[in-house]
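Raw contents of data32.cif, mmCIF, C-alpha atoms:
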```cif
data_start
loop_
_atom_site.label_atom_id
_atom_site.label_comp_id
_atom_site.auth_asym_id
_atom_site.auth_seq_id
_atom_site.Cartn_x
_atom_site.Cartn_y
_atom_site.Cartn_z
CA MET N 1 -27.19 11.50 -11.41
CA THR N 2 -28.68 8.70 -9.27
CA GLY N 3 -26.79 5.93 -7.59
CA HIS N 4 -23.95 6.12 -5.12
CA VAL N 5 -20.22 5.55 -5.42
CA GLU N 6 -19.16 2.37 -3.66
CA LEU N 7 -15.61 2.08 -2.36
CA VAL N 8 -14.63 -1.54 -1.72
CA SER N 9 -11.49 -2.28 0.27
CA PRO N 10 -9.90 -4.85 2.57
CA PRO N 11 -9.55 -3.66 6.17
CA PHE N 12 -5.78 -3.16 6.12
CA ALA N 13 -4.51 0.38 6.59
CA GLY N 14 -2.43 0.57 3.41
CA HIS N 15 -5.52 -0.25 1.35
CA LEU N 16 -8.35 1.19 3.44
CA HIS N 17 -6.91 4.58 4.36
CA PRO N 18 -6.47 5.80 0.76
CA MET N 19 -10.07 4.79 0.09
CA LEU N 20 -11.23 6.75 3.13
CA GLY N 21 -9.33 9.81 1.91
CA ILE N 22 -11.02 9.55 -1.48
CA GLY N 23 -14.39 8.97 0.13
CA ALA N 24 -14.05 11.99 2.40
CA GLU N 25 -13.22 14.18 -0.60
CA LEU N 26 -16.19 12.85 -2.59
CA VAL N 27 -18.57 13.51 0.31
CA ARG N 28 -17.19 17.04 0.60
CA ARG N 29 -18.26 17.52 -3.03
CA GLY N 30 -21.75 16.18 -2.42
CA VAL N 31 -21.25 12.77 -4.04
CA PRO N 32 -23.03 9.96 -2.13
CA VAL N 33 -20.55 7.34 -0.93
CA ARG N 34 -20.56 3.99 0.82
CA VAL N 35 -17.47 2.15 1.98
CA VAL N 36 -17.62 -1.64 1.89
CA SER N 37 -15.11 -3.65 3.91
CA THR N 38 -15.04 -6.24 6.66
CA GLY N 39 -16.49 -5.74 10.12
CA SER N 40 -13.13 -4.86 11.65
CA ALA N 41 -12.91 -1.72 9.48
CA ARG N 42 -16.22 -0.23 10.59
CA ALA N 43 -14.78 1.97 13.34
CA GLU N 44 -12.21 3.57 11.04
CA ILE N 45 -14.75 4.10 8.26
CA GLU N 46 -17.24 5.77 10.56
CA ALA N 47 -14.48 7.82 12.22
CA ALA N 48 -13.82 9.25 8.75
CA GLY N 49 -17.46 10.34 8.62
CA LEU N 50 -18.42 7.79 5.98
CA PRO N 51 -21.22 5.19 5.92
CA ALA N 52 -19.88 1.67 6.41
CA VAL N 53 -21.20 -1.56 4.94
CA ALA N 54 -19.72 -4.71 6.49
CA LEU N 55 -19.34 -7.75 4.27
CA GLU N 56 -21.22 -10.53 6.00
CA SER N 57 -19.38 -13.20 4.01
CA ALA N 58 -15.86 -12.04 4.93
CA ASP N 59 -14.29 -13.50 8.07
CA ASP N 60 -11.55 -11.19 9.35
CA ARG N 61 -9.68 -14.08 10.96
CA VAL N 62 -9.54 -16.03 7.70
CA ILE N 63 -8.40 -12.98 5.75
CA ALA N 64 -5.73 -12.13 8.32
CA ALA N 65 -4.35 -15.67 8.11
CA ILE N 66 -4.06 -15.39 4.33
CA VAL N 67 -2.37 -11.99 4.12
CA ASP N 68 -0.20 -12.40 7.21
CA PRO N 69 1.21 -15.93 6.95
CA PRO N 70 3.90 -17.22 9.31
CA GLU N 71 6.39 -17.41 6.41
CA ARG N 72 7.56 -14.82 3.95
CA ILE N 73 5.85 -15.18 0.55
CA GLY N 74 8.36 -13.31 -1.62
CA ALA N 75 8.61 -14.64 -5.18
CA ASN N 76 8.25 -18.29 -4.11
CA PRO N 77 5.79 -19.70 -6.68
CA VAL N 78 4.51 -22.47 -4.38
CA ARG N 79 3.74 -20.05 -1.54
CA LEU N 80 2.26 -17.53 -3.96
CA HIS N 81 -0.09 -20.12 -5.42
CA ARG N 82 -1.03 -21.44 -1.97
CA GLN N 83 -1.91 -17.90 -0.89
CA PHE N 84 -3.83 -17.32 -4.13
CA ARG N 85 -5.93 -20.45 -3.64
CA GLY N 86 -6.80 -19.32 -0.14
CA THR N 87 -7.74 -15.92 -1.49
CA LEU N 88 -10.01 -17.46 -4.14
CA GLY N 89 -12.29 -18.95 -1.51
CA VAL N 90 -12.73 -15.57 0.15
CA LEU N 91 -13.26 -13.79 -3.16
CA ALA N 92 -15.93 -16.27 -4.22
CA THR N 93 -18.08 -15.60 -1.14
CA ILE N 94 -17.60 -11.84 -1.49
CA SER N 95 -18.57 -12.02 -5.17
CA GLU N 96 -21.81 -13.85 -4.34
CA GLU N 97 -22.69 -11.33 -1.64
CA LEU N 98 -22.03 -8.35 -3.92
CA ASP N 99 -24.10 -9.92 -6.69
CA ARG N 100 -27.04 -10.15 -4.29
CA ARG N 101 -26.58 -6.57 -3.15
CA TYR N 102 -26.20 -5.16 -6.66
CA ARG N 103 -29.36 -6.90 -7.82
CA GLU N 104 -31.22 -4.99 -5.11
CA GLU N 105 -29.41 -1.66 -5.37
CA LEU N 106 -26.80 -0.92 -8.01
CA PRO N 107 -24.10 1.70 -7.41
CA ALA N 108 -23.27 4.08 -10.23
CA ILE N 109 -19.56 3.38 -9.80
CA VAL N 110 -17.63 0.76 -7.88
CA VAL N 111 -14.08 1.73 -6.93
CA ALA N 112 -12.43 -1.55 -5.96
CA ASP N 113 -9.05 -1.95 -4.32
CA PHE N 114 -6.78 -3.95 -6.61
CA THR N 115 -6.89 -6.91 -4.22
CA LEU N 116 -10.68 -7.21 -4.68
CA PRO N 117 -11.21 -7.40 -8.47
CA VAL N 118 -14.38 -9.48 -7.96
CA ALA N 119 -16.12 -6.28 -6.81
CA GLY N 120 -15.32 -4.71 -10.17
CA MET N 121 -16.45 -7.77 -12.06
CA ALA N 122 -19.73 -7.79 -10.13
CA ALA N 123 -20.21 -4.11 -10.94
CA ARG N 124 -19.74 -4.70 -14.67
CA ARG N 125 -22.09 -7.69 -14.68
CA HIS N 126 -24.84 -5.45 -13.38
CA GLY N 127 -24.03 -2.42 -15.55
CA ALA N 128 -22.05 -0.17 -13.19
CA ARG N 129 -18.65 1.41 -13.83
CA TRP N 130 -15.54 -0.22 -12.38
CA PHE N 131 -12.51 1.76 -11.25
CA THR N 132 -9.48 0.03 -9.76
CA ALA N 133 -7.67 1.77 -6.90
CA MET N 134 -3.96 0.96 -7.03
CA PRO N 135 -1.94 2.24 -4.04
CA SER N 136 1.20 0.56 -5.41
CA PRO N 137 1.43 0.98 -9.20
CA ALA N 138 4.66 -1.05 -9.26
CA ALA N 139 2.54 -4.18 -8.85
CA ILE N 140 0.97 -3.87 -12.32
CA GLY N 141 2.56 -6.13 -14.92
CA SER N 142 4.01 -4.57 -18.06
CA VAL N 143 5.10 -5.43 -21.58
CA ASP N 144 8.47 -3.78 -21.04
CA GLY N 145 10.62 -2.35 -18.26
CA THR N 146 11.74 -3.94 -15.01
CA PRO N 147 9.21 -6.40 -13.57
CA ALA N 148 8.08 -6.39 -9.96
CA TYR N 149 7.98 -9.18 -7.37
CA PHE N 150 11.49 -10.46 -8.03
CA GLY N 151 12.97 -9.08 -4.82
CA GLY N 152 13.17 -5.46 -5.92
CA TRP N 153 15.20 -5.27 -9.12
CA SER N 154 16.83 -2.00 -10.09
CA PRO N 155 16.73 -0.73 -13.70
CA PRO N 156 19.04 -2.65 -16.04
CA ARG N 157 22.57 -1.60 -16.83
CA GLY N 158 23.35 -2.87 -20.29
CA LEU N 159 22.33 -5.87 -22.36
CA SER N 160 22.51 -8.43 -19.56
CA GLY N 161 20.15 -6.35 -17.43
CA ARG N 162 17.66 -5.99 -20.27
CA ALA N 163 17.83 -9.75 -20.84
CA ARG N 164 17.18 -10.28 -17.13
CA ASP N 165 14.13 -8.03 -17.30
CA ALA N 166 12.77 -9.78 -20.39
CA ALA N 167 13.20 -13.17 -18.75
CA GLY N 168 11.53 -11.90 -15.58
CA ARG N 169 8.55 -10.49 -17.46
CA GLY N 170 8.17 -13.75 -19.34
CA ALA N 171 8.34 -15.77 -16.14
CA ALA N 172 5.77 -13.54 -14.44
CA ARG N 173 3.30 -13.82 -17.33
CA ALA N 174 3.84 -17.58 -17.57
CA PHE N 175 3.21 -17.91 -13.83
CA LYS N 176 -0.02 -15.91 -14.06
CA ARG N 177 -1.23 -17.98 -17.03
CA GLY N 178 -0.31 -21.16 -15.16
CA VAL N 179 -2.19 -20.07 -12.04
CA PHE N 180 -5.25 -19.32 -14.17
CA ALA N 181 -5.03 -22.72 -15.87
CA MET N 182 -4.84 -24.52 -12.53
CA ASN N 183 -7.83 -22.57 -11.17
CA ALA N 184 -9.73 -21.96 -14.41
CA ALA N 185 -13.14 -23.22 -13.31
CA ARG N 186 -13.19 -21.14 -10.13
CA LEU N 187 -11.86 -18.02 -11.89
CA ARG N 188 -14.37 -18.29 -14.75
CA ALA N 189 -17.13 -18.54 -12.16
CA LEU N 190 -15.93 -15.19 -10.85
CA GLY N 191 -16.08 -13.65 -14.33
CA PHE N 192 -12.49 -13.95 -15.55
CA SER N 193 -11.96 -15.52 -18.97
CA GLY N 194 -8.19 -15.56 -18.68
CA ALA N 195 -5.23 -13.96 -17.00
CA PHE N 196 -4.90 -11.36 -19.76
CA ARG N 197 -7.11 -9.52 -22.23
CA PRO N 198 -6.37 -9.65 -25.97
CA ASP N 199 -4.40 -6.40 -25.67
CA GLY N 200 -2.12 -7.94 -23.03
CA THR N 201 -3.50 -6.06 -20.01
CA GLU N 202 -4.41 -8.00 -16.87
CA GLN N 203 -8.05 -8.86 -16.31
CA VAL N 204 -7.83 -8.23 -12.56
CA TYR N 205 -7.57 -4.48 -13.22
CA SER N 206 -10.31 -2.32 -14.69
CA PRO N 207 -10.17 -1.75 -18.46
CA ASP N 208 -11.93 1.56 -17.77
CA THR N 209 -9.86 3.44 -15.17
CA VAL N 210 -7.02 2.44 -12.87
CA LEU N 211 -6.36 5.10 -10.26
CA GLY N 212 -2.59 5.19 -9.71
CA LEU N 213 -2.34 6.40 -6.10
CA GLY N 214 1.35 7.21 -6.31
CA LEU N 215 3.88 9.50 -7.91
CA ALA N 216 4.61 8.80 -11.56
CA GLU N 217 8.01 10.38 -10.95
CA LEU N 218 8.90 7.57 -8.55
CA GLU N 219 8.22 4.76 -11.00
CA LEU N 220 10.76 3.10 -13.25
CA GLN N 221 10.50 3.59 -17.01
CA ARG N 222 7.90 1.29 -18.55
CA THR N 223 4.67 1.19 -20.57
CA TRP N 224 1.45 1.57 -18.59
CA PRO N 225 -1.97 0.09 -19.43
CA PRO N 226 -4.20 2.56 -21.30
CA ALA N 227 -6.57 2.74 -18.31
CA MET N 228 -3.83 3.95 -15.96
CA ARG N 229 -4.29 7.44 -14.51
CA PHE N 230 -1.73 8.71 -12.01
CA VAL N 231 -3.53 10.95 -9.54
CA GLY N 232 -0.93 11.07 -6.78
CA PRO N 233 -0.71 9.46 -3.33
CA VAL N 234 -3.55 9.73 -0.86
CA ARG N 235 -2.02 10.68 2.48
CA TYR N 236 -4.88 10.16 4.88
CA THR N 237 -5.12 8.88 8.44
CA PRO N 238 -8.62 8.52 9.92
CA PRO N 239 -9.36 10.40 13.15
CA GLY N 240 -8.51 8.54 16.35
CA ARG N 241 -4.95 7.57 15.44
CA PRO N 242 -2.25 7.32 16.62
CA GLY N 243 -3.08 5.38 19.74
CA ALA N 244 -6.22 3.65 20.90
CA TRP N 245 -9.62 4.91 19.82
CA GLY N 246 -10.63 7.94 21.83
CA ALA N 247 -7.07 8.69 22.93
CA PRO N 248 -5.96 12.32 22.76
CA ALA N 249 -4.01 13.50 19.75
CA SER N 250 -0.28 13.01 20.04
CA SER N 251 0.30 16.74 20.47
CA ASP N 252 -2.01 16.72 23.52
CA ARG N 253 -0.32 13.89 25.36
CA GLU N 254 1.88 14.18 28.39
CA PRO N 255 5.52 14.42 27.38
CA HIS N 256 7.41 11.15 27.45
CA ALA N 257 9.72 10.81 30.43
CA SER N 258 12.75 9.97 28.30
CA SER N 259 12.13 12.82 25.86
CA PRO N 260 14.44 15.82 26.14
CA ASP N 261 13.00 18.67 28.18
CA ALA N 262 12.63 22.16 26.77
CA ALA N 263 15.92 23.37 28.30
CA ALA N 264 18.02 20.47 26.99
CA PRO N 265 19.55 20.41 23.50
CA ARG N 266 17.16 18.83 21.07
CA ARG N 267 17.95 15.22 20.17
CA PRO N 268 17.22 14.07 16.59
CA ARG N 269 13.97 12.09 16.42
CA VAL N 270 13.86 8.93 14.31
CA LEU N 271 10.71 6.92 13.62
CA VAL N 272 10.95 3.17 13.09
CA SER N 273 7.97 1.62 11.27
CA CYS N 274 7.27 -1.95 10.16
CA GLY N 275 3.68 -1.62 8.96
CA THR N 276 0.54 -3.37 10.19
CA HIS N 277 1.43 -6.96 9.18
CA LEU N 278 4.18 -9.45 10.02
CA ALA N 279 4.16 -9.34 13.82
CA GLY N 280 7.18 -11.63 14.04
CA THR N 281 9.31 -9.26 12.00
CA LYS N 282 8.20 -6.36 14.17
CA ALA N 283 9.35 -8.20 17.26
CA GLU N 284 12.79 -8.77 15.72
CA LEU N 285 13.05 -5.14 14.63
CA LEU N 286 12.04 -3.97 18.08
CA GLU N 287 14.89 -5.96 19.63
CA THR N 288 17.27 -4.41 17.11
CA ALA N 289 15.92 -0.93 17.83
CA GLU N 290 16.71 -1.37 21.52
CA LEU N 291 20.30 -2.23 20.65
CA VAL N 292 20.49 0.72 18.26
CA ALA N 293 19.28 3.05 21.02
CA GLU N 294 22.22 1.94 23.15
CA LEU N 295 24.59 2.73 20.30
CA LEU N 296 22.98 6.11 19.56
CA PRO N 297 22.24 7.72 22.95
CA GLY N 298 22.03 11.12 21.26
CA VAL N 299 19.09 10.00 19.07
CA HIS N 300 15.49 9.71 20.28
CA LEU N 301 14.02 6.52 18.76
CA GLU N 302 10.28 5.92 18.45
CA MET N 303 8.77 2.77 16.97
CA THR N 304 5.23 2.31 15.73
CA LEU N 305 3.73 -1.13 16.26
CA GLY N 306 1.00 -0.74 13.65
CA GLY N 307 -1.67 -2.04 15.99
CA THR N 308 0.42 -4.93 17.34
CA ARG N 309 0.69 -4.62 21.09
CA ALA N 310 4.12 -5.79 22.20
CA ASN N 311 4.65 -6.06 25.96
CA GLY N 312 1.41 -4.12 26.39
CA GLY N 313 2.72 -1.13 24.47
CA GLY N 314 4.27 1.90 26.17
CA ASP N 315 8.03 2.10 26.60
CA LEU N 316 11.03 -0.13 26.67
CA THR N 317 14.28 0.96 28.22
CA ARG N 318 15.24 3.37 25.45
CA VAL N 319 12.63 3.16 22.67
CA ARG N 320 9.31 5.00 22.76
CA LEU N 321 6.54 2.71 21.48
CA LEU N 322 3.54 4.00 19.55
CA GLU N 323 0.57 1.85 18.67
CA TYR N 324 0.19 3.85 15.44
CA ALA N 325 2.01 6.72 13.78
CA ASP N 326 0.07 9.51 12.13
CA TYR N 327 1.66 9.91 8.71
CA GLY N 328 0.53 13.51 8.69
CA GLU N 329 2.89 14.24 11.60
CA LEU N 330 6.13 12.91 10.12
CA GLY N 331 7.45 16.45 9.83
CA GLY N 332 8.36 16.23 13.51
CA TYR N 333 11.00 13.57 12.77
CA ASP N 334 14.49 13.96 11.35
CA ALA N 335 14.68 10.56 9.64
CA VAL N 336 12.64 7.38 9.33
CA VAL N 337 13.40 3.68 9.19
CA HIS N 338 10.54 1.98 7.39
CA HIS N 339 9.47 -1.21 5.62
CA GLY N 340 8.76 0.28 2.19
CA GLY N 341 4.95 0.19 2.32
CA ALA N 342 3.28 2.62 -0.07
CA GLY N 343 1.74 4.72 2.71
CA ILE N 344 4.92 5.39 4.67
CA VAL N 345 6.95 5.80 1.45
CA HIS N 346 4.80 8.65 0.19
CA ALA N 347 4.36 10.22 3.62
CA ALA N 348 8.13 10.31 4.11
CA LEU N 349 8.65 11.79 0.64
CA ALA N 350 6.05 14.47 1.32
CA ALA N 351 7.88 15.36 4.53
CA GLY N 352 11.25 15.37 2.76
CA LEU N 353 12.61 12.82 5.24
CA PRO N 354 15.78 10.83 4.62
CA ALA N 355 15.06 7.14 5.07
CA VAL N 356 16.53 3.75 5.71
CA VAL N 357 14.23 1.22 4.04
CA VAL N 358 14.05 -2.39 5.21
CA PRO N 359 11.64 -4.15 2.82
CA ILE N 360 10.11 -7.41 3.97
CA ASP N 361 7.55 -8.77 1.49
CA TYR N 362 4.90 -8.08 -1.16
CA ASP N 363 5.58 -4.85 -3.11
CA GLN N 364 7.97 -3.47 -0.49
CA PRO N 365 11.24 -4.58 -2.17
CA ASP N 366 10.11 -2.94 -5.43
CA LEU N 367 9.29 0.33 -3.72
CA ALA N 368 12.65 0.15 -1.95
CA ALA N 369 14.37 -0.31 -5.33
CA ARG N 370 12.68 2.85 -6.59
CA LEU N 371 13.74 4.85 -3.56
CA VAL N 372 17.34 3.72 -3.98
CA HIS N 373 17.29 4.32 -7.73
CA HIS N 374 16.22 7.93 -7.21
CA GLY N 375 18.76 8.50 -4.44
CA LEU N 376 16.12 8.89 -1.74
CA ALA N 377 17.02 6.17 0.74
CA GLU N 378 19.50 3.53 1.81
CA ARG N 379 18.31 -0.07 1.65
CA LEU N 380 19.03 -2.85 4.14
CA SER N 381 17.58 -6.35 4.27
CA PRO N 382 15.94 -7.77 7.42
CA ALA N 383 18.63 -10.46 7.52
CA GLU N 384 21.27 -7.74 7.86
CA LEU N 385 19.71 -6.39 11.06
CA ARG N 386 19.96 -9.39 13.34
CA GLY N 387 21.99 -9.37 16.52
CA ALA N 388 24.62 -6.92 17.64
CA SER N 389 26.22 -6.66 14.20
CA GLY N 390 22.83 -5.90 12.65
CA ALA N 391 22.16 -3.20 15.22
CA ALA N 392 25.54 -1.63 14.47
CA ARG N 393 24.73 -1.70 10.75
CA LEU N 394 21.35 -0.03 11.29
CA ALA N 395 22.83 2.54 13.69
CA ALA N 396 25.41 3.53 11.07
CA ALA N 397 22.70 3.83 8.41
CA ILE N 398 20.63 6.06 10.72
CA GLU N 399 23.63 8.29 11.33
CA ARG N 400 24.11 8.64 7.56
CA ALA N 401 20.42 9.42 7.12
CA LEU N 402 20.59 12.18 9.73
CA VAL N 403 23.40 13.88 7.80
CA PRO N 404 22.46 13.21 4.16
CA ALA N 405 24.85 13.95 1.34
CA GLU N 406 24.12 16.89 -0.92
CA ALA N 407 22.84 14.66 -3.73
CA ARG N 408 20.36 13.01 -1.38
CA ARG N 409 19.21 16.35 -0.01
CA GLY N 410 18.56 17.50 -3.57
CA ALA N 411 16.61 14.35 -4.44
CA LEU N 412 14.53 14.60 -1.27
CA GLU N 413 13.68 18.23 -2.02
CA ARG N 414 12.65 17.40 -5.60
CA PHE N 415 10.28 14.69 -4.43
CA ARG N 416 8.98 16.80 -1.56
CA LEU N 417 7.99 19.44 -4.08
CA ALA N 418 6.53 16.84 -6.45
CA SER N 419 4.49 15.40 -3.58
CA GLY N 420 3.11 18.84 -2.84
CA GLU N 421 1.85 19.14 -6.41
CA HIS N 422 -0.23 15.95 -6.26
CA ASP N 423 -3.26 15.43 -4.04
CA GLY N 424 -4.34 11.87 -4.74
CA ALA N 425 -7.68 12.21 -2.98
CA ALA N 426 -8.61 15.24 -5.08
CA GLY N 427 -7.24 13.72 -8.29
CA ALA N 428 -9.15 10.49 -7.81
CA ALA N 429 -12.30 12.36 -6.82
CA ASP N 430 -12.05 14.46 -10.00
CA LEU N 431 -12.19 11.34 -12.20
CA ILE N 432 -14.85 9.60 -10.12
CA GLU N 433 -17.06 12.69 -9.90
CA GLU N 434 -16.77 13.29 -13.64
CA ALA N 435 -17.91 9.74 -14.33
CA TRP N 436 -20.67 9.97 -11.72
CA VAL N 437 -22.04 13.21 -13.15
CA SER N 438 -21.87 11.97 -16.75
CA GLY N 439 -23.76 8.79 -15.92
CA ALA N 440 -21.85 6.89 -18.61
CA GLY N 441 -22.37 3.14 -18.58
CA VAL N 442 -19.87 0.34 -18.52
CA GLY N 443 -16.80 0.96 -20.65
CA ASP N 444 -15.71 -1.45 -23.37
CA GLU N 445 -12.82 -3.88 -23.29
CA SER N 446 -10.87 -2.17 -26.05
CA GLY N 447 -7.22 -1.93 -25.32
CA GLY N 448 -3.87 -0.91 -26.61
CA VAL N 449 -1.01 0.45 -24.58
CA ARG N 450 -0.22 3.97 -23.48
CA ARG N 451 3.27 5.12 -22.71
#
```
Entire entry expressed as structure tokens:
Amino acid sequence: MTGHVELVSPPFAGHLHPMLGIGAELVRRGVPVRVVSTGSARAEIEAAGLPAVALESADDRVIAAIVDPPERIGANPVRLHRQFRGTLGVLATISEELDRRYREELPAIVVADFTLPVAGMAARRHGARWFTAMPSPAAIGSVDGTPAYFGGWSPPRGLSGRARDAAGRGAARAFKRGVFAMNAARLRALGFSGAFRPDGTEQVYSPDTVLGLGLAELELQRTWPPAMRFVGPVRYTPPGRPGAWGAPASSDREPHASSPDAAAPRRPRVLVSCGTHLAGTKAELLETAELVAELLPGVHLEMTLGGTRANGGGDLTRVRLLEYADYGELGGYDAVVHHGGAGIVHAALAAGLPAVVVPIDYDQPDLAARLVHHGLAERLSPAELRGASGAARLAAAIERALVPAEARRGALERFRLASGEHDGAAGAADLIEEAWVSGAGVGDESGGVRR
């Protein structure tokens, strides 16, 4: 087979890191790979041992302003549409750049993160295969089941719940059709003829193969598009993290002064994570964590800043600050407080860690709903964690997490075992390698639904 596999991703960890894990596995098998992202991702891509291609048309500052706005987006239709219109401008320049590149050298397969469907459309225009990488399958719309992006709905209980779900699905589809109608000229220029295909599947996802980078067992009951293939989560952190580039691995660092020494009784370790976005929310959570540490002197709290340097990093009075947390090292913790991002969700499940989930935006409330539904975590809202009363609420939730009930221990063990059975990088590489070796051309648009 000639032609490389091109992995196209935004620079954000929750999107980029799974791609790097897949790329590393493909290279191990001898499949030629290139990773396309913005300039800010180059260091991480190259640290993973993969060739990096920086998009000249993508301005990291513009992209950061779109995905990390000062206000929560949630399900607010005005804010969603405003964000979408900002995204369209970025996608148009990326589409033009990829068209130029693909005219000169066409990949065999383009694996595009679900936030960059224009890469897939460009691939199909030039005759390459398009795979969508979906780190958060909950985001995909469906013809049945509980819809996402309504604040994290749980499965229905009775007729009223089913009516709620039906109304939500209808509202979501109407919103997507409305957004397309208001931006039809710009979307058609990018290759989209409508929000949906004749079979009801969304045009922003590949009709060929959608790589579900999560656990099917975690999802709520629903019908999936026929292209959907659950391969499992990709738990990958590029070399050089946690900490600044070139810093020693966490196990090689000097022990923290406030950490218990070898002779002292071991204190439970709890990680607090708020992801790589939403700096303002991190600052609020950090203040709460300091108050929690006062309430729980017998617990060692560590908080990852996700690349946001607060007070220069380092330590506060009682909380150990990490610039990044290596998801592969979560086994050293006894519980985790996290924001419900796909990466930390699956890393915590793989480690069998009890969790307190504090979802903030995007798909996080829906992932939180799934964790609660399966008995894997306790959910709190950011609004519940403000001030002294919020700190007391979080401290109590952490204490419950450190001594989980039998039902929760059983659920955590089931999902720990399920996580061990699924290697998303290998599963995705299997499908990509098979397509690369076969050399099959662009798939058709035929549809249907697969349960």
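The smallest atom-to-atom distance between N:Pro155 and any of N:Pro238, N:Leu271, N:Ile94, N:Ala369, using all atoms listed in the file, is found for N:Ala369.
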Fill in: Residues returned when the PyMOL selection byres ((chain N and resi 96) around 12) runs on this file, as a VMD selection string
chain N and resid 55 to 58 89 to 95 97 to 103 118 to 119 121 to 123 189 to 191
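Every protein, DNA or RNA residue with an atom at most 9 Å from N:Leu7, where only C-alpha atoms count and chain neighbours fewer than 2 positions away do not, is listed here: Val5, Ser9, Met19, Leu20, Ile22, Gly23, Val33, Arg34, Val35, Val36, Ser37, Ile109, Val110, Val111, Ala112 and Asp113 of chain N.
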Worksheet item: What do you get, as a ChimeraX atom specification, if you spell out every residue that the PyMOL selection byres ((chain N and resi 402) around 8) selects here?
Response: /N:268,334-335,354,398-401,403-404
Worksheet, complete the sentence: The distance between atom CA of N:Pro359 and atom CA of N:His339 is 4.6 Å
